[in-house]
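Before any comments, here is the structure.
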Amino acid sequence: MASSSVVWMNSGVLIYAAQSIGLHREPSKIGLSGTECELRRRMWVAILVYENTTAWYNGMRSQIHPGDYDCIHPAYLPELDGADENSRFRTLWSVQMSKMLLYFNEIYREAYCTKRTCVYRAGALDRQIQELELKTYEMLSADFESGTIESQFRELAFEVLLCRLYLCVQIPFLRKMNKFSCKRTLEVAQRSIRSLIKFNDCALETISYRWYGQIWILTSPLLATIVMSIALVKLDKDNENLWSLVGHAYEILSTAPEFQVLKGAEMACWVIKTINNERNCRGEIINNLDTFCGIEPMTKTLLQMFRKDELFM
């Protein structure tokens, strides 16, 4: 993985190039219209998403602030995307996914860039994402219910990204006495694991999409399973139904082809298996998650709180 300074410089060069040709400006305000407007908006949002997610993955704040640009979000355009229903749904799905990905910058700012973290802001962010979720399901419900292989993947990918966002909002706030974040984290962890099971159940049909999803589509439920395992040990050790859910998730994750060459993911699966078998999350087990931090950055925050004895207390 490149150093933070290299990532910062590369992103900065990309942003400078985009701004030098005015991609950050709303094209309708500079005399453009129609397809040309939409293409420029899509180029700008692609840069926004790349810069935001790259910064998040490398533990840095974004270099782009909302006040730095006035270019609005892309929209479905029949003459550019195609007039058939599948083209419309595919475009709307891409637009909604990009809106969700831009939340990582807000999450990073609230969790790591303020002098004093505020659990109320975590709740506000959570509600904003819930509103986006509701709007997206209203917009795409017909597509998700169509039953085609492509629509199944779109729904699963959307669900996985949603769960990742919810987890990333709440995990930094799993401090002592923060009952809201604890409750929401457990709800989302269960939801993420069930999404994984659903994805695995239709894996034969969606096999052509598995590598399109790459690693991110599985690291979110892997993180969720780790969180759920620790929570069960600390809060609900006798809940056999949830332990069974954790065990099912482990079986899927430990055999996932995406993880077979990733040592950090293999070690994370070992941690889940050991916690599930021993019903214990002592430091000697959890510390093995260090190697998973390079794959799933939120693991570092989780480890820091565990070592301070702040998780689910």
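Ordered as shown in the structure tokens, chains take letters A, B, and onward, while each chain numbers its residues from 1 and ligands are numbered from 1 in the order shown.
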*Contact residues around range 159-171 of chain A with only C-alpha atoms at 7 Å, ignoring same-chain residues under 3 positions, as a list of chain:residue names*: A:Ile107, A:Ala122, A:Asp126, A:Glu155, A:Leu156, A:Leu174, A:Ser181, A:Thr185, A:Val188, A:Ser192, A:Ser195, A:Ile217, A:Ser220, A:Met298, A:Leu302
Mind dumping the selected residues with C-alpha atoms as a CSV table (one decimal), in the first residue's frame?
chain,number,residue,atom,x,y,z
A,107,ILE,CA,-18.0,10.0,8.8
A,122,ALA,CA,-23.4,9.9,14.9
A,126,ASP,CA,-27.3,7.5,10.8
A,155,GLU,CA,-29.7,-5.1,-4.4
A,156,LEU,CA,-27.0,-7.1,-2.6
A,174,LEU,CA,-18.9,2.4,20.8
A,181,SER,CA,-24.4,3.1,19.0
A,185,THR,CA,-24.1,-1.7,15.6
A,188,VAL,CA,-26.5,-3.6,11.4
A,192,SER,CA,-24.9,-7.6,7.2
A,195,SER,CA,-27.0,-10.2,3.5
A,217,ILE,CA,-18.5,-6.9,-0.8
A,220,SER,CA,-18.1,-5.6,5.4
A,298,MET,CA,-12.2,0.3,10.6
A,302,LEU,CA,-12.1,-1.5,16.8
*Within 10 Å of Phe158 in chain A using only C-alpha atoms, minus same-chain residues under 6 positions, as a ChimeraX atom specification*: /A:93-94,96-97,100,133,136-137,152,164,217
Hey, can you spit out that residue selection with N, CA and C atoms as a PDB file, in the first residue's frame?
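The resulting file, again_38.pdb, is shown below:
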ATOM      1  N   TRP A  93     -29.281   3.316  -9.884  1.00  0.00           N
ATOM      2  CA  TRP A  93     -28.529   2.577  -8.871  1.00  0.00           C
ATOM      3  C   TRP A  93     -27.123   3.152  -8.727  1.00  0.00           C
ATOM      4  N   SER A  94     -26.457   3.427  -9.846  1.00  0.00           N
ATOM      5  CA  SER A  94     -25.102   3.985  -9.808  1.00  0.00           C
ATOM      6  C   SER A  94     -25.094   5.352  -9.136  1.00  0.00           C
ATOM      7  N   GLN A  96     -27.258   6.509  -6.867  1.00  0.00           N
ATOM      8  CA  GLN A  96     -27.497   6.357  -5.429  1.00  0.00           C
ATOM      9  C   GLN A  96     -26.275   5.781  -4.720  1.00  0.00           C
ATOM     10  N   MET A  97     -25.591   4.846  -5.355  1.00  0.00           N
ATOM     11  CA  MET A  97     -24.371   4.284  -4.761  1.00  0.00           C
ATOM     12  C   MET A  97     -23.314   5.370  -4.585  1.00  0.00           C
ATOM     13  N   MET A 100     -24.012   7.489  -1.585  1.00  0.00           N
ATOM     14  CA  MET A 100     -23.671   6.799  -0.346  1.00  0.00           C
ATOM     15  C   MET A 100     -22.173   6.833  -0.085  1.00  0.00           C
ATOM     16  N   GLU A 133     -31.447   5.543   2.256  1.00  0.00           N
ATOM     17  CA  GLU A 133     -31.840   4.145   2.050  1.00  0.00           C
ATOM     18  C   GLU A 133     -33.310   4.053   1.650  1.00  0.00           C
ATOM     19  N   THR A 136     -33.897   5.348  -1.835  1.00  0.00           N
ATOM     20  CA  THR A 136     -33.356   4.445  -2.852  1.00  0.00           C
ATOM     21  C   THR A 136     -34.251   3.236  -3.049  1.00  0.00           C
ATOM     22  N   TYR A 137     -34.728   2.653  -1.956  1.00  0.00           N
ATOM     23  CA  TYR A 137     -35.605   1.486  -2.085  1.00  0.00           C
ATOM     24  C   TYR A 137     -36.931   1.858  -2.749  1.00  0.00           C
ATOM     25  N   GLN A 152     -30.504  -8.729  -8.762  1.00  0.00           N
ATOM     26  CA  GLN A 152     -30.140  -9.357  -7.485  1.00  0.00           C
ATOM     27  C   GLN A 152     -28.799  -8.832  -7.001  1.00  0.00           C
ATOM     28  N   ARG A 164     -22.053  -1.301   5.562  1.00  0.00           N
ATOM     29  CA  ARG A 164     -20.711  -0.770   5.814  1.00  0.00           C
ATOM     30  C   ARG A 164     -20.797   0.663   6.332  1.00  0.00           C
ATOM     31  N   ILE A 217     -17.165  -6.295  -1.018  1.00  0.00           N
ATOM     32  CA  ILE A 217     -18.495  -6.858  -0.805  1.00  0.00           C
ATOM     33  C   ILE A 217     -18.484  -7.927   0.290  1.00  0.00           C
TER      34      ILE A 217
END
*asked:* Can you tell me which residues surround Ile295 in chain A at a distance of at most 12 Å, considering only C-alpha atoms, apart from same-chain residues fewer than 2 positions away, and format the answer as a PyMOL selection string?
replied: chain A and resi 1+57-58+215-216+218-220+222-223+259+262-268+289-293+297-300
Output N, CA and C atoms for every residue in the selection just made, as an mmCIF file, in the first residue's frame.
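File produced: selection-v9.cif:
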data_model
loop_
_atom_site.group_PDB
_atom_site.id
_atom_site.type_symbol
_atom_site.label_atom_id
_atom_site.label_comp_id
_atom_site.auth_asym_id
_atom_site.auth_seq_id
_atom_site.Cartn_x
_atom_site.Cartn_y
_atom_site.Cartn_z
ATOM 1 N N MET A 1 0.847 -1.196 0.000
ATOM 2 C CA MET A 1 0.000 0.000 0.000
ATOM 3 C C MET A 1 0.878 1.240 0.000
ATOM 4 N N TYR A 57 -9.870 4.965 3.022
ATOM 5 C CA TYR A 57 -9.132 3.711 3.136
ATOM 6 C C TYR A 57 -7.746 3.936 3.729
ATOM 7 N N ASN A 58 -7.144 5.086 3.451
ATOM 8 C CA ASN A 58 -5.795 5.372 3.939
ATOM 9 C C ASN A 58 -5.791 6.178 5.236
ATOM 10 N N ILE A 215 -13.223 -7.262 -3.262
ATOM 11 C CA ILE A 215 -13.103 -7.637 -1.859
ATOM 12 C C ILE A 215 -14.116 -6.917 -0.971
ATOM 13 N N TRP A 216 -14.482 -5.683 -1.317
ATOM 14 C CA TRP A 216 -15.294 -4.870 -0.407
ATOM 15 C C TRP A 216 -16.648 -5.495 -0.099
ATOM 16 N N LEU A 218 -17.294 -8.429 0.653
ATOM 17 C CA LEU A 218 -17.194 -9.445 1.700
ATOM 18 C C LEU A 218 -16.519 -8.944 2.972
ATOM 19 N N THR A 219 -15.700 -7.886 2.872
ATOM 20 C CA THR A 219 -15.040 -7.398 4.091
ATOM 21 C C THR A 219 -16.032 -6.759 5.059
ATOM 22 N N SER A 220 -17.107 -6.195 4.535
ATOM 23 C CA SER A 220 -18.120 -5.607 5.419
ATOM 24 C C SER A 220 -18.794 -6.663 6.298
ATOM 25 N N LEU A 222 -17.549 -9.518 7.027
ATOM 26 C CA LEU A 222 -16.482 -10.070 7.866
ATOM 27 C C LEU A 222 -16.286 -9.193 9.098
ATOM 28 N N LEU A 223 -16.238 -7.884 8.898
ATOM 29 C CA LEU A 223 -16.142 -6.957 10.028
ATOM 30 C C LEU A 223 -17.363 -7.092 10.934
ATOM 31 N N PHE A 259 -10.997 -14.504 -0.437
ATOM 32 C CA PHE A 259 -10.130 -14.407 0.734
ATOM 33 C C PHE A 259 -8.986 -15.423 0.746
ATOM 34 N N LEU A 262 -5.561 -13.801 0.836
ATOM 35 C CA LEU A 262 -5.395 -12.662 1.736
ATOM 36 C C LEU A 262 -5.161 -13.158 3.157
ATOM 37 N N LYS A 263 -3.913 -13.079 3.603
ATOM 38 C CA LYS A 263 -3.564 -13.598 4.924
ATOM 39 C C LYS A 263 -4.328 -12.877 6.037
ATOM 40 N N GLY A 264 -4.506 -11.563 5.887
ATOM 41 C CA GLY A 264 -5.229 -10.809 6.905
ATOM 42 C C GLY A 264 -6.659 -11.279 7.062
ATOM 43 N N ALA A 265 -7.309 -11.598 5.940
ATOM 44 C CA ALA A 265 -8.689 -12.086 5.990
ATOM 45 C C ALA A 265 -8.742 -13.485 6.595
ATOM 46 N N GLU A 266 -7.763 -14.310 6.253
ATOM 47 C CA GLU A 266 -7.706 -15.659 6.828
ATOM 48 C C GLU A 266 -7.550 -15.586 8.344
ATOM 49 N N MET A 267 -6.718 -14.661 8.816
ATOM 50 C CA MET A 267 -6.521 -14.511 10.260
ATOM 51 C C MET A 267 -7.787 -13.991 10.928
ATOM 52 N N ALA A 268 -8.500 -13.084 10.256
ATOM 53 C CA ALA A 268 -9.762 -12.583 10.805
ATOM 54 C C ALA A 268 -10.776 -13.716 10.937
ATOM 55 N N LEU A 289 -6.051 -9.587 14.943
ATOM 56 C CA LEU A 289 -6.730 -8.796 13.916
ATOM 57 C C LEU A 289 -5.838 -7.706 13.338
ATOM 58 N N ASP A 290 -4.653 -7.513 13.900
ATOM 59 C CA ASP A 290 -3.736 -6.491 13.384
ATOM 60 C C ASP A 290 -3.522 -6.630 11.882
ATOM 61 N N THR A 291 -3.396 -7.869 11.414
ATOM 62 C CA THR A 291 -3.117 -8.083 9.990
ATOM 63 C C THR A 291 -4.321 -7.764 9.112
ATOM 64 N N PHE A 292 -5.514 -7.689 9.714
ATOM 65 C CA PHE A 292 -6.729 -7.386 8.954
ATOM 66 C C PHE A 292 -6.912 -5.879 8.769
ATOM 67 N N CYS A 293 -6.179 -5.070 9.540
ATOM 68 C CA CYS A 293 -6.329 -3.612 9.465
ATOM 69 C C CYS A 293 -5.987 -3.072 8.082
ATOM 70 N N PRO A 297 -9.940 -0.854 7.173
ATOM 71 C CA PRO A 297 -9.400 0.173 8.068
ATOM 72 C C PRO A 297 -10.147 0.318 9.391
ATOM 73 N N MET A 298 -11.465 0.085 9.401
ATOM 74 C CA MET A 298 -12.237 0.260 10.628
ATOM 75 C C MET A 298 -11.789 -0.707 11.726
ATOM 76 N N THR A 299 -11.102 -1.783 11.351
ATOM 77 C CA THR A 299 -10.605 -2.743 12.337
ATOM 78 C C THR A 299 -9.633 -2.082 13.305
ATOM 79 N N LYS A 300 -8.869 -1.107 12.825
ATOM 80 C CA LYS A 300 -7.903 -0.415 13.683
ATOM 81 C C LYS A 300 -8.619 0.306 14.818
#
*Could you give me, as a PyMOL selection string, the residues within 7 Å of Phe312 in chain A, counting only C-alpha atoms and dropping anything in the same chain fewer than 4 positions from it?*
chain A and resi 174+176+182+231+234
*Hey, can you check how far CA of Asn287 in chain A sits from CA of Asn178 in chain A?*
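About the pair CA of Asn287 in chain A and CA of Asn178 in chain A: they are 23.8 Å apart.
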*Shell around range 34-37 of chain A at 9 Å using only C-alpha atoms, local window under 6 positions removed, as a ChimeraX atom specification*: /A:26-28,77,79-80
Can those selected residues be exported to a file as a compact mmCIF listing (two decimals), in the first residue's frame so that it contains C-alpha atoms?
# COMPACT_ATOMS: atom_id res chain seq x y z
CA GLU A 26 -22.11 23.33 -12.31
CA PRO A 27 -22.01 23.07 -16.13
CA SER A 28 -25.45 24.62 -16.62
CA LEU A 77 -30.67 10.85 -19.03
CA GLU A 79 -30.58 9.93 -24.61
CA LEU A 80 -27.29 9.11 -22.90
